[in-house]
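Asks: Below is a structure I'd like to ask you about.
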Amino acid sequence: MNRKLLLVTISLFCAVMGIHSQDNAKSEDTGNYGTTRSMSEGINHALEVTTAEAKENIWDWQMHYKLDAPLTVGKKYELKARVKGSGNGTLALWPIDTASSNTNQWGGSNDVQYEKDYKFTTSWNTFTWNFSARFPLNELDFVFGQYGGSIFFDDVTLKEVGSDKELIVNGDFESTLTANWEKISWQGGVSFKVVSTSYKGDLLQAIKDAKATLEESADLKREEAVAARAELEKAIADAEAFVAENDEDYIAETEKLKKATANLSQWIGVPESADPNFQIYLCFGQSNMEGNATPEAQDYENVSERFKMMAAVDFSNPVRKRGEWYTAIPPLCRQGTGLTPADYFGRTMVEKQADNITVGVINVAVGGTSIKGFMEEYVADYVAGEPDWFKNYMANYDNNPFRRLVETAKRAQNYGIIRGILMHQGETDGGMGNWTENVKKVYERLLSELNLSADNVPLLAGETVQTDQGGYCGGFNSVIATLPNVIPTAHVISSKGCPQKGDGLHFTAEGYRTIGKRYAECMLKLLTSTGIDDATAESHKVAKEEWFDATGRKVDAKAKGLLLKRLTMTNGAVLVEKTIK
């Protein structure tokens, strides 16, 4: 699809989300929704007045608007209102002076003016009343007693002819309903409330159209995505307004809208300064991600200037300042730590990509920590019960490594785009039955805090030292293997053949180089197969097809609703497709 055409299509989609139509009402004859829409308005609200049944007299049902000050006798005024009903009926306007002592308000009165009647229908129509104030009118009485059903008022305006001053407060009903509006007090069976006049059918169609468009939009350039981002922010904010209406159908469709925008959601909230060619990866976990092997001479040599690290703590040797970028010469985590999978992940990423690509890593890891060390609801109590050496590690991150990772990542987003999250953790949690669920919580919280989409930011989780290499925690790899069942965008990185340093827990420098390269090989495949560019994956045969619902649970291919289809190709590439069935 032509990029300019794409942006127009996205803009139109967003405008559809902001329905403020003249013909949005459902037709009694055809059951179809109208298509006339304003392209500049947000989701619209109106005042709905509902009556129990049609009455004998036109004055039996009324809705009043009390003016803040009486109209000036002799002055000319113009009142406009957009009106429709759930059926057809008659609406009259009777402005009145309620301060008058004349009690005969219904015929030959000296305190009420009987203005023109209008026939309203199930489509929006704008009615106009031009009148001169013969009395100090302080109330507008809308009269419709011979009608049963709902009548809707919107864009109610009253101005003195020749003046721009608006005399109706919140006549578009987009703010809190004022006390100026009241129903008649002597009749039961009438109620009123502010409602949305946008329709579920329109919302659903907009989502379907947007989904079809976005699936063709993966190659947006920076300036095009920035322009689309602003439209998407507004569309999503407007869609979320439905949630306030406590309408379950709207809530469900709003969630579908969020999923449909996944290919562009990586841009939402990203500053203009962010370079799309600067790929950023977050790294977290325990000692193996922290880096436990002493770097060798080769690990300090030939580190590309295109491979950066942002310090999450202050270093004194080498001198590094927290929150600043540096060439990624080890150590990458903290002063005194060793070689980490992130080292050769980054080296391989820049080696295998074009010269205009820069790769940056942020490493926040704590030796010996449980996954609870990255969960803010547990971390304080968890740290309090650990030994001093562990407390000293955690103190580097103010006893909250998750928050430090988020704060550092937000700073990094000023420079580039977060493309993935690397984790190596699990040795401490061998007996934790809900480890995968806790990892999912940490992953989803990172995505939420950083305005990221799982579709664009996969989780790569490394295995522990294998049992055949003398690994004490090799059995936990069977648990790590189940992560993709809980997190559809999770991918397990094999540690097969990676030697350990003799303690049964940590890899040698050679082992870190090997597993680091494997993280990179997986990520490089994902960059060309997870909705960004699926041409590579489509060129290979499918080895396995799996389906997941929106919560990440594996489901049958016949399931309904928002689904993710994950195809594993014969070459190992993975393609994730979104679909609504």
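Naming scheme: A, B, ... for chains in displayed order of the structure tokens; residues 1 onward per chain; ligands 1 onward as shown.
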Using DSSP secondary structure from the backbone, list all strand (DSSP E) positions within stretch 291-336 of chain A, as an MDAnalysis selection string.
Replies: chainID A and resid 307:310 315:316 319:320 325:327
Asks: What separation in Å, quoted to one decimal, exists between atom CA of A:Val439 and atom CA of A:Arg419?
Replies: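 These two atoms are separated by 18.2 Å.
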